[in-house]
file data-v3.tsv (TSV, N, CA and C atoms)
chain	number	residue	atom	x	y	z
O	1	MET	N	-7.85	5.63	-11.45
O	1	MET	CA	-7.75	4.80	-10.27
O	1	MET	C	-7.52	5.72	-9.06
O	2	THR	N	-8.29	5.48	-8.01
O	2	THR	CA	-8.12	6.26	-6.80
O	2	THR	C	-7.28	5.49	-5.81
O	3	ALA	N	-6.85	6.18	-4.79
O	3	ALA	CA	-6.06	5.52	-3.75
O	3	ALA	C	-6.87	4.41	-3.10
O	4	ASP	N	-8.17	4.61	-2.97
O	4	ASP	CA	-9.00	3.57	-2.35
O	4	ASP	C	-8.97	2.28	-3.16
O	5	ASP	N	-8.97	2.40	-4.49
O	5	ASP	CA	-8.92	1.21	-5.32
O	5	ASP	C	-7.61	0.46	-5.12
O	6	THR	N	-6.55	1.19	-4.95
O	6	THR	CA	-5.23	0.58	-4.84
O	6	THR	C	-4.98	0.00	-3.46
O	7	PHE	N	-5.33	0.74	-2.43
O	7	PHE	CA	-4.89	0.35	-1.10
O	7	PHE	C	-5.98	-0.22	-0.21
O	8	GLY	N	-7.20	-0.36	-0.69
O	8	GLY	CA	-8.27	-0.89	0.12
O	8	GLY	C	-8.48	-2.37	-0.08
O	9	ARG	N	-7.62	-3.00	-0.87
O	9	ARG	CA	-7.84	-4.41	-1.19
O	9	ARG	C	-7.35	-5.32	-0.08
O	10	LEU	N	-7.93	-6.49	-0.02
O	10	LEU	CA	-7.49	-7.51	0.93
O	10	LEU	C	-7.32	-8.79	0.14
O	11	ASP	N	-6.11	-9.14	-0.14
O	11	ASP	CA	-5.81	-10.35	-0.89
O	11	ASP	C	-5.55	-11.49	0.08
O	12	ASP	N	-5.62	-12.72	-0.43
O	12	ASP	CA	-5.42	-13.89	0.42
O	12	ASP	C	-4.08	-13.85	1.15
O	13	ASP	N	-3.03	-13.34	0.49
O	13	ASP	CA	-1.72	-13.33	1.12
O	13	ASP	C	-1.56	-12.19	2.12
O	14	ASP	N	-2.59	-11.37	2.29
O	14	ASP	CA	-2.51	-10.26	3.22
O	14	ASP	C	-3.01	-10.62	4.62
O	15	TYR	N	-3.55	-11.81	4.79
O	15	TYR	CA	-4.04	-12.18	6.12
O	15	TYR	C	-2.87	-12.44	7.03
O	16	PRO	N	-2.92	-12.21	8.29
O	16	PRO	CA	-4.09	-11.69	8.99
O	16	PRO	C	-4.20	-10.19	8.86
O	17	ALA	N	-5.38	-9.69	9.13
O	17	ALA	CA	-5.59	-8.24	9.17
O	17	ALA	C	-5.54	-7.84	10.65
O	18	TYR	N	-4.90	-6.73	10.93
O	18	TYR	CA	-4.68	-6.31	12.30
O	18	TYR	C	-5.64	-5.21	12.72
O	19	THR	N	-5.99	-5.20	13.98
O	19	THR	CA	-6.84	-4.14	14.51
O	19	THR	C	-6.09	-2.82	14.46
O	20	MET	N	-6.82	-1.72	14.55
O	20	MET	CA	-6.19	-0.41	14.47
O	20	MET	C	-5.12	-0.25	15.56
O	21	GLY	N	-5.44	-0.64	16.78
O	21	GLY	CA	-4.48	-0.51	17.87
O	21	GLY	C	-3.22	-1.31	17.63
O	22	ARG	N	-3.38	-2.55	17.19
O	22	ARG	CA	-2.22	-3.42	16.93
O	22	ARG	C	-1.43	-2.90	15.73
O	23	ALA	N	-2.12	-2.44	14.70
O	23	ALA	CA	-1.44	-1.89	13.52
O	23	ALA	C	-0.62	-0.67	13.91
O	24	ALA	N	-1.19	0.22	14.70
O	24	ALA	CA	-0.47	1.42	15.14
O	24	ALA	C	0.75	1.03	15.96
O	25	GLU	N	0.58	0.04	16.83
O	25	GLU	CA	1.70	-0.44	17.66
O	25	GLU	C	2.81	-1.01	16.79
O	26	MET	N	2.45	-1.77	15.77
O	26	MET	CA	3.45	-2.37	14.88
O	26	MET	C	4.20	-1.29	14.10
O	27	LEU	N	3.53	-0.18	13.78
O	27	LEU	CA	4.17	0.91	13.05
O	27	LEU	C	4.91	1.87	13.97
O	28	GLY	N	4.70	1.72	15.27
O	28	GLY	CA	5.33	2.65	16.21
O	28	GLY	C	4.70	4.03	16.14
O	29	THR	N	3.40	4.06	15.92
O	29	THR	CA	2.68	5.32	15.81
O	29	THR	C	1.39	5.23	16.62
O	30	THR	N	0.49	6.14	16.36
O	30	THR	CA	-0.78	6.18	17.10
O	30	THR	C	-1.94	5.86	16.16
O	31	PRO	N	-3.07	5.44	16.72
O	31	PRO	CA	-4.26	5.25	15.88
O	31	PRO	C	-4.66	6.53	15.15
O	32	ALA	N	-4.37	7.69	15.73
O	32	ALA	CA	-4.70	8.96	15.07
O	32	ALA	C	-3.97	9.08	13.74
O	33	PHE	N	-2.74	8.59	13.66
O	33	PHE	CA	-2.00	8.64	12.40
O	33	PHE	C	-2.69	7.77	11.35
O	34	LEU	N	-3.14	6.58	11.74
O	34	LEU	CA	-3.85	5.71	10.80
O	34	LEU	C	-5.17	6.35	10.36
O	35	ARG	N	-5.86	7.00	11.28
O	35	ARG	CA	-7.09	7.71	10.91
O	35	ARG	C	-6.78	8.82	9.91
O	36	ALA	N	-5.67	9.54	10.13
O	36	ALA	CA	-5.28	10.61	9.22
O	36	ALA	C	-5.00	10.06	7.82
O	37	LEU	N	-4.37	8.88	7.74
O	37	LEU	CA	-4.13	8.26	6.44
O	37	LEU	C	-5.45	7.90	5.77
O	38	GLY	N	-6.42	7.48	6.56
O	38	GLY	CA	-7.75	7.19	6.02
O	38	GLY	C	-8.44	8.44	5.53
O	39	GLU	N	-8.31	9.53	6.29
O	39	GLU	CA	-8.91	10.80	5.88
O	39	GLU	C	-8.26	11.33	4.62
O	40	ALA	N	-6.97	11.08	4.45
O	40	ALA	CA	-6.26	11.49	3.24
O	40	ALA	C	-6.51	10.50	2.09
O	41	ARG	N	-7.29	9.46	2.36
O	41	ARG	CA	-7.70	8.46	1.38
O	41	ARG	C	-6.52	7.62	0.87
O	42	LEU	N	-5.50	7.45	1.70
O	42	LEU	CA	-4.39	6.58	1.31
O	42	LEU	C	-4.78	5.12	1.53
O	43	ILE	N	-5.28	4.83	2.71
O	43	ILE	CA	-5.73	3.47	2.99
O	43	ILE	C	-7.13	3.53	3.57
O	44	THR	N	-7.95	2.61	3.16
O	44	THR	CA	-9.29	2.50	3.69
O	44	THR	C	-9.31	1.26	4.57
O	45	PRO	N	-9.57	1.45	5.86
O	45	PRO	CA	-9.56	0.27	6.73
O	45	PRO	C	-10.62	-0.73	6.30
O	46	LEU	N	-10.27	-1.97	6.43
O	46	LEU	CA	-11.21	-3.05	6.18
O	46	LEU	C	-12.08	-3.14	7.43
O	47	ARG	N	-13.22	-3.72	7.32
O	47	ARG	CA	-14.10	-3.85	8.48
O	47	ARG	C	-14.31	-5.32	8.81
O	48	SER	N	-14.19	-5.63	10.09
O	48	SER	CA	-14.47	-6.98	10.53
O	48	SER	C	-15.99	-7.11	10.67
O	49	GLU	N	-16.45	-8.30	10.95
O	49	GLU	CA	-17.89	-8.50	11.10
O	49	GLU	C	-18.46	-7.64	12.21
O	50	GLY	N	-17.67	-7.35	13.22
O	50	GLY	CA	-18.12	-6.51	14.33
O	50	GLY	C	-18.02	-5.03	14.01
O	51	GLY	N	-17.54	-4.68	12.82
O	51	GLY	CA	-17.42	-3.29	12.43
O	51	GLY	C	-16.11	-2.64	12.83
O	52	HIS	N	-15.20	-3.41	13.39
O	52	HIS	CA	-13.91	-2.86	13.81
O	52	HIS	C	-13.00	-2.64	12.60
O	53	ARG	N	-12.20	-1.58	12.66
O	53	ARG	CA	-11.24	-1.32	11.59
O	53	ARG	C	-10.12	-2.35	11.65
O	54	ARG	N	-9.73	-2.83	10.46
O	54	ARG	CA	-8.65	-3.79	10.38
O	54	ARG	C	-7.76	-3.40	9.22
O	55	TYR	N	-6.47	-3.70	9.34
O	55	TYR	CA	-5.48	-3.34	8.33
O	55	TYR	C	-4.71	-4.58	7.91
O	56	SER	N	-4.55	-4.75	6.60
O	56	SER	CA	-3.79	-5.88	6.07
O	56	SER	C	-2.29	-5.57	6.15
O	57	ARG	N	-1.49	-6.59	5.93
O	57	ARG	CA	-0.04	-6.38	5.90
O	57	ARG	C	0.34	-5.43	4.77
O	58	TYR	N	-0.34	-5.53	3.65
O	58	TYR	CA	-0.09	-4.64	2.52
O	58	TYR	C	-0.35	-3.20	2.94
O	59	GLN	N	-1.45	-2.95	3.61
O	59	GLN	CA	-1.77	-1.60	4.06
O	59	GLN	C	-0.75	-1.10	5.07
O	60	LEU	N	-0.24	-1.99	5.91
O	60	LEU	CA	0.79	-1.59	6.87
O	60	LEU	C	2.08	-1.19	6.17
O	61	ARG	N	2.43	-1.87	5.09
O	61	ARG	CA	3.62	-1.47	4.32
O	61	ARG	C	3.44	-0.08	3.73
O	62	ILE	N	2.26	0.19	3.23
O	62	ILE	CA	1.96	1.50	2.66
O	62	ILE	C	2.00	2.56	3.76
O	63	ALA	N	1.40	2.27	4.90
O	63	ALA	CA	1.38	3.22	6.02
O	63	ALA	C	2.78	3.47	6.54
O	64	ALA	N	3.62	2.44	6.56
O	64	ALA	CA	5.00	2.60	7.04
O	64	ALA	C	5.78	3.56	6.12
O	65	ARG	N	5.58	3.45	4.82
O	65	ARG	CA	6.26	4.36	3.89
O	65	ARG	C	5.77	5.79	4.08
O	66	ALA	N	4.46	5.96	4.26
O	66	ALA	CA	3.91	7.30	4.51
O	66	ALA	C	4.46	7.86	5.81
O	67	ARG	N	4.57	7.03	6.83
O	67	ARG	CA	5.10	7.49	8.12
O	67	ARG	C	6.55	7.93	7.98
O	68	GLU	N	7.32	7.19	7.20
O	68	GLU	CA	8.72	7.55	6.96
O	68	GLU	C	8.82	8.94	6.33
O	69	LEU	N	7.98	9.21	5.35
O	69	LEU	CA	7.98	10.52	4.70
O	69	LEU	C	7.55	11.63	5.67
O	70	VAL	N	6.51	11.36	6.45
O	70	VAL	CA	6.01	12.34	7.40
O	70	VAL	C	7.07	12.63	8.46
O	71	ASP	N	7.76	11.59	8.92
O	71	ASP	CA	8.82	11.76	9.91
O	71	ASP	C	9.95	12.64	9.40
O	72	HIS	N	10.11	12.71	8.08
O	72	HIS	CA	11.15	13.55	7.48
O	72	HIS	C	10.62	14.91	7.06
O	73	GLY	N	9.43	15.27	7.54
O	73	GLY	CA	8.90	16.61	7.33
O	73	GLY	C	7.93	16.81	6.18
O	74	THR	N	7.58	15.75	5.48
O	74	THR	CA	6.62	15.87	4.38
O	74	THR	C	5.21	15.97	4.96
O	75	PRO	N	4.40	16.93	4.53
O	75	PRO	CA	3.01	16.99	5.00
O	75	PRO	C	2.27	15.70	4.66
O	76	ILE	N	1.33	15.32	5.50
O	76	ILE	CA	0.67	14.02	5.34
O	76	ILE	C	-0.02	13.87	3.99
O	77	GLU	N	-0.67	14.94	3.50
O	77	GLU	CA	-1.35	14.84	2.21
O	77	GLU	C	-0.35	14.59	1.09
O	78	ALA	N	0.79	15.28	1.12
O	78	ALA	CA	1.83	15.08	0.11
O	78	ALA	C	2.44	13.69	0.23
O	79	ALA	N	2.65	13.22	1.44
O	79	ALA	CA	3.21	11.89	1.66
O	79	ALA	C	2.29	10.83	1.06
O	80	CYS	N	0.99	11.01	1.23
O	80	CYS	CA	0.04	10.05	0.68
O	80	CYS	C	0.08	10.05	-0.85
O	81	ARG	N	0.16	11.21	-1.45
O	81	ARG	CA	0.25	11.28	-2.91
O	81	ARG	C	1.53	10.64	-3.41
O	82	ILE	N	2.64	10.87	-2.71
O	82	ILE	CA	3.93	10.27	-3.09
O	82	ILE	C	3.84	8.76	-3.03
O	83	VAL	N	3.25	8.22	-1.97
O	83	VAL	CA	3.15	6.77	-1.81
O	83	VAL	C	2.30	6.17	-2.93
O	84	VAL	N	1.21	6.83	-3.29
O	84	VAL	CA	0.36	6.33	-4.38
O	84	VAL	C	1.15	6.31	-5.68
O	85	LEU	N	1.87	7.39	-5.97
O	85	LEU	CA	2.65	7.45	-7.21
O	85	LEU	C	3.77	6.41	-7.22
O	86	GLU	N	4.43	6.20	-6.08
O	86	GLU	CA	5.47	5.18	-6.01
O	86	GLU	C	4.89	3.80	-6.28
O	87	ASP	N	3.71	3.53	-5.73
O	87	ASP	CA	3.06	2.23	-5.94
O	87	ASP	C	2.69	2.04	-7.40
O	88	GLN	N	2.19	3.10	-8.04
O	88	GLN	CA	1.84	3.01	-9.45
O	88	GLN	C	3.08	2.80	-10.32
O	89	LEU	N	4.18	3.47	-9.99
O	89	LEU	CA	5.43	3.29	-10.73
O	89	LEU	C	5.94	1.86	-10.58
O	90	GLU	N	5.90	1.35	-9.37
O	90	GLU	CA	6.36	-0.02	-9.13
O	90	GLU	C	5.52	-1.01	-9.94
O	91	GLU	N	4.21	-0.82	-9.97
O	91	GLU	CA	3.33	-1.70	-10.74
O	91	GLU	C	3.64	-1.59	-12.23
O	92	ALA	N	3.86	-0.38	-12.74
O	92	ALA	CA	4.18	-0.18	-14.16
O	92	ALA	C	5.50	-0.86	-14.51
O	93	GLN	N	6.49	-0.76	-13.63
O	93	GLN	CA	7.78	-1.41	-13.88
O	93	GLN	C	7.65	-2.93	-13.88
O	94	ARG	N	6.80	-3.46	-13.00
O	94	ARG	CA	6.57	-4.91	-12.95
O	94	ARG	C	5.92	-5.39	-14.25
O	95	ILE	N	4.92	-4.65	-14.71
O	95	ILE	CA	4.22	-5.02	-15.95
O	95	ILE	C	5.18	-4.93	-17.13
O	96	ASN	N	5.98	-3.88	-17.18
O	96	ASN	CA	6.96	-3.72	-18.26
O	96	ASN	C	7.93	-4.90	-18.29
O	97	ALA	N	8.41	-5.30	-17.13
O	97	ALA	CA	9.35	-6.43	-17.06
O	97	ALA	C	8.69	-7.71	-17.54
O	98	GLU	N	7.42	-7.92	-17.20
O	98	GLU	CA	6.71	-9.12	-17.66
O	98	GLU	C	6.58	-9.13	-19.18
O	99	TYR	N	6.22	-7.98	-19.76
O	99	TYR	CA	6.12	-7.90	-21.22
O	99	TYR	C	7.46	-8.13	-21.89
O	100	ARG	N	8.51	-7.57	-21.32
O	100	ARG	CA	9.85	-7.77	-21.90
O	100	ARG	C	10.24	-9.24	-21.87
O	101	ARG	N	10.01	-9.91	-20.74
O	101	ARG	CA	10.33	-11.34	-20.64
O	101	ARG	C	9.53	-12.15	-21.65
O	102	ALA	N	8.24	-11.83	-21.78
O	102	ALA	CA	7.39	-12.56	-22.73
O	102	ALA	C	7.87	-12.33	-24.16
O	103	ALA	N	8.23	-11.09	-24.49
O	103	ALA	CA	8.72	-10.79	-25.84
O	103	ALA	C	10.03	-11.51	-26.11
O	104	GLU	N	10.93	-11.54	-25.13
O	104	GLU	CA	12.21	-12.21	-25.31
O	104	GLU	C	12.06	-13.71	-25.47
O	105	SER	N	11.13	-14.30	-24.73
O	105	SER	CA	10.93	-15.75	-24.86
O	105	SER	C	10.22	-16.10	-26.16
O	106	ALA	N	9.40	-15.19	-26.70
O	106	ALA	CA	8.71	-15.42	-27.97
O	106	ALA	C	9.66	-15.24	-29.15
O	107	ASN	N	10.67	-14.39	-29.00
O	107	ASN	CA	11.60	-14.09	-30.10
O	107	ASN	C	13.02	-14.04	-29.53
O	108	PRO	N	13.62	-15.19	-29.25
O	108	PRO	CA	14.95	-15.20	-28.61
O	108	PRO	C	16.06	-14.58	-29.43
O	109	THR	N	15.94	-14.48	-30.75
O	109	THR	CA	16.99	-13.89	-31.58
O	109	THR	C	17.00	-12.37	-31.47
O	110	ALA	N	15.88	-11.76	-31.09
O	110	ALA	CA	15.80	-10.30	-30.96
O	110	ALA	C	16.63	-9.79	-29.78
O	111	ALA	N	16.89	-10.66	-28.82
O	111	ALA	CA	17.66	-10.26	-27.63
O	111	ALA	C	19.13	-10.12	-27.94
O	112	ASP	N	19.61	-10.73	-29.01
O	112	ASP	CA	21.06	-10.70	-29.34
O	112	ASP	C	21.47	-9.39	-29.91

call {"tool": "encode", "arguments": {"input": "data-v3.tsv", "output": "structure tokens"}}
result
Amino acid sequence: MTADDTFGRLDDDDYPAYTMGRAAEMLGTTPAFLRALGEARLITPLRSEGGHRRYSRYQLRIAARARELVDHGTPIEAACRIVVLEDQLEEAQRINAEYRRAAESANPTAAD
């Protein structure tokens, strides 16, 4: 799985998608930072019908975490890799918890 597969999605709960300028303003950064995240393949901007770059709320959360790391001195490429790994770990933990709950409900005596 590449970063594009993970962070380029637009789910129904991610609407609205924000323009690059508005997204940068919400993050307290510049459009150049968002472009750098795209070049590092952390987030792939979505395209509106007019071809304008747009960012979902999910992508903004990812960009905010990368910005936090960069602000603390982490190089942008390393920050992007860290964010991808954190997202994968979070997903693995969520899946593990779901399997544990399903196993416990299927065999309630095993939990004792």

call {"tool": "closest_atom_pairs", "arguments": {"input": "data-v3.tsv", "of": "range 13-65 of chain O", "to": "range 78-86 of chain O", "cutoff": "8 Å", "atoms": "all atoms listed in the file", "output": "JSON lines"}}
result
{"residue": "O:Leu37", "atom": "CA", "partner": "O:Cys80", "partner_atom": "CA", "distance": 7.3}
{"residue": "O:Ala40", "atom": "C", "partner": "O:Cys80", "partner_atom": "CA", "distance": 6.7}
{"residue": "O:Arg41", "atom": "C", "partner": "O:Cys80", "partner_atom": "CA", "distance": 7.0}
{"residue": "O:Leu42", "atom": "CA", "partner": "O:Cys80", "partner_atom": "CA", "distance": 5.7}
{"residue": "O:Ile43", "atom": "N", "partner": "O:Cys80", "partner_atom": "CA", "distance": 7.7}
{"residue": "O:Ile62", "atom": "CA", "partner": "O:Val83", "partner_atom": "CA", "distance": 7.0}
{"residue": "O:Arg65", "atom": "C", "partner": "O:Val83", "partner_atom": "CA", "distance": 6.5}

call {"tool": "atom_distance", "arguments": {"input": "data-v3.tsv", "atom1": "atom N of Arg101 in chain O", "atom2": "atom C of Gln88 in chain O"}}
result
17.8 Å

call {"tool": "residues_around", "arguments": {"input": "data-v3.tsv", "residues": "range 21-23 of chain O", "least_positions_apart": "6", "cutoff": "7 Å", "atoms": "all atoms listed in the file", "output": "JSON, numbers by chain"}}
result
{"O": [29, 31, 55]}

call {"tool": "write_last_selection", "arguments": {"input": "data-v3.tsv", "atoms": "N, CA and C atoms", "output": "short mmCIF file (atom, residue, chain, number, x, y, z; two decimals), in the frame of the given file"}}
result
data_model
loop_
_atom_site.label_atom_id
_atom_site.label_comp_id
_atom_site.auth_asym_id
_atom_site.auth_seq_id
_atom_site.Cartn_x
_atom_site.Cartn_y
_atom_site.Cartn_z
N THR O 29 3.40 4.06 15.92
CA THR O 29 2.68 5.32 15.81
C THR O 29 1.39 5.23 16.62
N PRO O 31 -3.07 5.44 16.72
CA PRO O 31 -4.26 5.25 15.88
C PRO O 31 -4.66 6.53 15.15
N TYR O 55 -6.47 -3.70 9.34
CA TYR O 55 -5.48 -3.34 8.33
C TYR O 55 -4.71 -4.58 7.91
#

call {"tool": "select_by_dssp", "arguments": {"input": "data-v3.tsv", "residues": "range 23-108 of chain O", "states": "helix (DSSP H, G or I)", "output": "number ranges by chain"}}
result
O: 23-27, 31-39, 57-71, 76-106, 108

call {"tool": "atom_distance", "arguments": {"input": "data-v3.tsv", "atom1": "atom C of Leu69 in chain O", "atom2": "CA of Pro45 in chain O"}}
result
20.6 Å

call {"tool": "atom_distance", "arguments": {"input": "data-v3.tsv", "atom1": "atom N of Ala92 in chain O", "atom2": "CA of Arg67 in chain O"}}
result
22.3 Å

call {"tool": "closest_residue", "arguments": {"input": "data-v3.tsv", "among": "O:Arg94, O:Arg47, O:Arg57, O:Gly28", "to": "Asp71 in chain O", "atoms": "only C-alpha atoms"}}
result
O:Gly28
